[in-house]
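Right, one structure below, let's go through it.
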There are 2 protein chains.
Amino acid sequence: MPVAEQPYHHGSLRRVLLARAESTLEKDGVDGLSLRQLAREAGVSHAAPSKHFRDRQALLDALAESGFLRLTAALERAVEEAEPHARARFAALAGAYVSFALAHRELLALMYGNKHAPGAASRVVEAGHASMDLTVRIVTEAQAAGDIGPGDASRIALVAFATFHGIATLAAGGMLDGAPVDEVVTTASDTFWRGLAQA
Amino acid sequence: MPVAEQPYHHGSLRRVLLARAESTLEKDGVDGLSLRQLAREAGVSHAAPSKHFRDRQALLDALAESGFLRLTAALERAVEEAEPHARARFAALAGAYVSFALAHRELLALMYGNKHAPGAASRVVEAGHASMDLTVRIVTEAQAAGDIGPGDASRIALVAFATFHGIATLAAGGMLDGAPVDEVVTTASDTFWRGLAQA
DNA sequence: CCATCTATGTAGTCAATGGCAACATTTTGC
DNA sequence: GCAAAATGTTGCCATTGACTACATAGATGG
């Protein structure tokens, strides 16, 4: 009797499912994601995924949460690599956000899609806040340095964050009407910052 | 023999399907939309909808297009009812956009979801441009009146539009962290306008 | 006025899917 | 060691979108 070619237990099914799911998501969209297809690709039975994800939505929620974690990481990296001025960091943040969004369009739609399961919703929202907190930090620093006027930092950051997100969404939907994304981002960043500086 | 209770031809199936689809969409989300269920509700056979919509995606595309048309109408109404100053109109536009978005969350996601069929995509994008054109008009008027500085009006309008959309998305996703939507919209509108005035 | 062509609707079928239940095999922890 | 929990499998079912063949109504034009 040869050794079992496939051990009864996969060993890292959850991880593999999430990974394949993410690549399929970007390739075929959220509608192209099938638990059974993922199971086939992972070489397990069609019901195996249910041991790791209560249902399809739970998988999507997990993807969304992971997406926010990675977005936060990407934003942090961009900020660290930028010139150490609030203004430059702010622009870097905007660029990184839009860049991430365009590289993970479907994932982003999932992250902001307000159809998470009751329990998962809070986890996803919380993960999203982590991304936002980074923006708050930069705004606070800019205020401390006197680069921009006073005002509720979290409110300001929220609006900035929303602006980045809006541009990313429009860009992803091909509604930029031919305008280069970078230029739009720059326009937004410049205008907004001017408005803040004068507050 | 009594008269046919149900005439063989429905008479306005397409219209009814779209209407029911829209209400179901907001109630159960896009995943809760089933062609067969719609057919049942309309009292026709399960294959009848296919005579009006090539496939499920075609129905979603039609909904998205109709959504942009109605969004445009809502924005136009808001602008007309606002005080006849560019500043007030701009704020009214922002408010109306977010208001529409919150009242039609699922529809909005559909409108900006970049998974329209090849043929329908252009129609949807075109419908979206109509909404944006309104913003361009207001920006142009403001520039003519000297309220804000010069600059590519369509670029500026694009950024403004994106900002409104971003706030709406965050609000719909419950990521406003308790901040009242109106206040966030006001902050955005004020800051952005200040930035423009100083350009 | 009627023949026919087209639009619209019906019935039947198929494969894929998500979800559930019953059962099997490891792994863990006491 | 052994019981219990985790993890995986098989079988099943209802629903769904899509397709084909067919039925009926309405429009068009000779």
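Labels for the structure tokens follow display order: chains A, B, ..., residues from 1 in each chain, ligands from 1.
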Please identify every residue of chain A that has at least one atom no more than 8 Å from any atom of chain C, counting only C-alpha atoms (C1' of nucleotides), and report them as a PDB file with N, CA and C atoms, in the first residue's frame.
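What ended up in part.pdb:
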```pdb
ATOM      1  N   TYR A   8      -5.869  12.786   4.599  1.00  0.00           N
ATOM      2  CA  TYR A   8      -7.291  13.057   4.844  1.00  0.00           C
ATOM      3  C   TYR A   8      -7.493  14.516   5.222  1.00  0.00           C
ATOM      4  N   HIS A   9      -6.612  15.015   6.024  1.00  0.00           N
ATOM      5  CA  HIS A   9      -6.731  16.424   6.385  1.00  0.00           C
ATOM      6  C   HIS A   9      -5.822  17.276   5.524  1.00  0.00           C
ATOM      7  N   SER A  34     -17.173  30.733  -6.472  1.00  0.00           N
ATOM      8  CA  SER A  34     -18.018  29.619  -6.069  1.00  0.00           C
ATOM      9  C   SER A  34     -17.284  28.747  -5.054  1.00  0.00           C
ATOM     10  N   ARG A  36     -17.806  25.726  -4.329  1.00  0.00           N
ATOM     11  CA  ARG A  36     -17.515  24.412  -4.892  1.00  0.00           C
ATOM     12  C   ARG A  36     -16.305  24.456  -5.816  1.00  0.00           C
ATOM     13  N   ASP A  55     -20.813  30.120   5.538  1.00  0.00           N
ATOM     14  CA  ASP A  55     -21.454  30.163   4.238  1.00  0.00           C
ATOM     15  C   ASP A  55     -20.638  31.066   3.314  1.00  0.00           C
ATOM     16  N   ARG A  56     -21.138  31.229   2.125  1.00  0.00           N
ATOM     17  CA  ARG A  56     -20.401  32.012   1.147  1.00  0.00           C
ATOM     18  C   ARG A  56     -20.114  33.424   1.642  1.00  0.00           C
TER      19      ARG A  56
END
```
Contacts of region 110-127 of chain A at 9 Å (only C-alpha atoms (C1' of nucleotides); same-chain gap of 2+ positions) as a tab-separated table (two decimals) with N, CA and C atoms, in the first residue's frame:
```tsv
chain	number	residue	atom	x	y	z
A	30	VAL	N	-16.88	39.05	-8.07
A	30	VAL	CA	-17.46	38.36	-6.93
A	30	VAL	C	-18.49	37.31	-7.37
A	57	GLN	N	-21.08	34.01	2.30
A	57	GLN	CA	-20.91	35.37	2.79
A	57	GLN	C	-19.78	35.46	3.79
A	58	ALA	N	-19.61	34.43	4.59
A	58	ALA	CA	-18.55	34.44	5.59
A	58	ALA	C	-17.19	34.50	4.90
A	60	LEU	N	-16.64	35.87	1.98
A	60	LEU	CA	-16.52	37.23	1.45
A	60	LEU	C	-16.15	38.22	2.56
A	61	ASP	N	-16.75	38.01	3.72
A	61	ASP	CA	-16.44	38.89	4.84
A	61	ASP	C	-14.97	38.77	5.23
A	62	ALA	N	-14.48	37.54	5.25
A	62	ALA	CA	-13.08	37.32	5.60
A	62	ALA	C	-12.17	38.01	4.58
A	63	LEU	N	-12.56	37.93	3.31
A	63	LEU	CA	-11.77	38.58	2.27
A	63	LEU	C	-11.77	40.10	2.49
A	64	ALA	N	-12.93	40.62	2.83
A	64	ALA	CA	-13.05	42.07	3.03
A	64	ALA	C	-12.16	42.52	4.18
A	65	GLU	N	-12.21	41.76	5.25
A	65	GLU	CA	-11.41	42.13	6.41
A	65	GLU	C	-9.91	42.10	6.07
A	66	SER	N	-9.52	41.02	5.43
A	66	SER	CA	-8.12	40.90	5.03
A	66	SER	C	-7.73	42.03	4.09
A	67	GLY	N	-8.68	42.45	3.25
A	67	GLY	CA	-8.41	43.54	2.32
A	67	GLY	C	-8.09	44.83	3.07
A	68	PHE	N	-8.83	45.11	4.12
A	68	PHE	CA	-8.57	46.34	4.89
A	68	PHE	C	-7.22	46.26	5.58
A	69	LEU	N	-6.89	45.07	6.08
A	69	LEU	CA	-5.61	44.93	6.74
A	69	LEU	C	-4.48	45.24	5.76
A	72	THR	N	-4.35	48.95	4.87
A	72	THR	CA	-3.67	49.70	5.92
A	72	THR	C	-2.16	49.56	5.81
A	105	ARG	N	-9.74	46.07	-7.53
A	105	ARG	CA	-11.07	46.66	-7.71
A	105	ARG	C	-12.18	45.86	-7.07
A	106	GLU	N	-12.19	44.60	-7.37
A	106	GLU	CA	-13.27	43.76	-6.85
A	106	GLU	C	-13.18	43.65	-5.33
A	107	LEU	N	-11.98	43.53	-4.85
A	107	LEU	CA	-11.80	43.43	-3.40
A	107	LEU	C	-12.31	44.68	-2.71
A	108	LEU	N	-12.02	45.83	-3.29
A	108	LEU	CA	-12.47	47.08	-2.70
A	108	LEU	C	-13.99	47.16	-2.65
A	129	HIS	N	-11.52	51.05	10.01
A	129	HIS	CA	-11.12	52.18	10.84
A	129	HIS	C	-9.61	52.27	10.99
A	130	ALA	N	-8.98	51.13	10.99
A	130	ALA	CA	-7.53	51.14	11.11
A	130	ALA	C	-6.90	51.92	9.96
A	131	SER	N	-7.48	51.73	8.78
A	131	SER	CA	-6.98	52.48	7.63
A	131	SER	C	-7.21	53.97	7.82
B	29	GLY	N	-30.89	43.23	-1.52
B	29	GLY	CA	-29.57	43.32	-2.12
B	29	GLY	C	-29.53	42.66	-3.48
B	105	ARG	N	-28.99	52.57	-1.62
B	105	ARG	CA	-27.64	52.04	-1.43
B	105	ARG	C	-27.27	50.96	-2.43
B	106	GLU	N	-28.13	49.99	-2.54
B	106	GLU	CA	-27.82	48.86	-3.41
B	106	GLU	C	-27.77	49.31	-4.86
B	109	ALA	N	-24.50	50.93	-5.64
B	109	ALA	CA	-23.42	49.97	-5.79
B	109	ALA	C	-23.45	49.37	-7.19
B	169	THR	N	-20.57	56.60	0.06
B	169	THR	CA	-20.18	55.20	0.21
B	169	THR	C	-19.83	54.88	1.66
B	170	LEU	N	-19.03	55.74	2.25
B	170	LEU	CA	-18.65	55.52	3.64
B	170	LEU	C	-19.88	55.54	4.54
B	172	ALA	N	-22.94	54.86	3.71
B	172	ALA	CA	-23.76	53.67	3.45
B	172	ALA	C	-23.16	52.46	4.13
B	173	GLY	N	-21.83	52.44	4.25
B	173	GLY	CA	-21.17	51.30	4.85
B	173	GLY	C	-21.05	51.41	6.36
B	174	GLY	N	-21.64	52.44	6.91
B	174	GLY	CA	-21.59	52.60	8.36
B	174	GLY	C	-20.20	52.90	8.89
B	175	MET	N	-19.39	53.55	8.08
B	175	MET	CA	-18.02	53.82	8.48
B	175	MET	C	-17.81	55.28	8.84
```
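Distances here use only C-alpha atoms; by that measure, the residue among B:Thr163, B:Ser189, B:Thr135, B:Ser12 closest to chain A is B:Thr163.
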Chain B contacts on chain D, only C-alpha atoms (C1' of nucleotides), 12 Å, as a ChimeraX atom specification = /D:15-20,23-26
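The two atoms in question, CA of Gln143 (chain A) and CA of Phe90 (chain A), are spaced 12.4 Å apart.
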Where does DSSP see alpha helix (DSSP H) in region 32-138 of chain A, if you list the residues as a VMD selection string?
-> chain A and resid 35 to 42 56 to 81 86 to 103 105 to 112 118 to 138
If we count only C-alpha atoms (C1' of nucleotides), what is near Ser99 (chain B) at a cut-off of 12 Å, once residues fewer than 2 positions away on the same chain are taken out, given as JSON, numbers by chain?
-> {"B": [71, 74, 75, 78, 92, 93, 94, 95, 96, 97, 101, 102, 103, 104, 105, 108, 164, 165, 167, 168, 169, 171, 172, 181, 182, 185]}
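For the pair CA of Asp133 (chain A) and CA of Gly166 (chain B), the separation is 16.8 Å.
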Figure out the distance between CA of Phe100 (chain B) and CA of Thr191 (chain B), please, to one decimal in Å.
-> 21.9 Å
Given the choices B:Arg70, B:His52, B:Arg194, B:Arg87, which gets closest to chain A if the distance is worked out from only C-alpha atoms?
-> B:Arg194
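Proximity ranking of B:Val184, B:Leu18, B:Ala153, B:Val98 relative to chain A places B:Val184 first, based on only C-alpha atoms.
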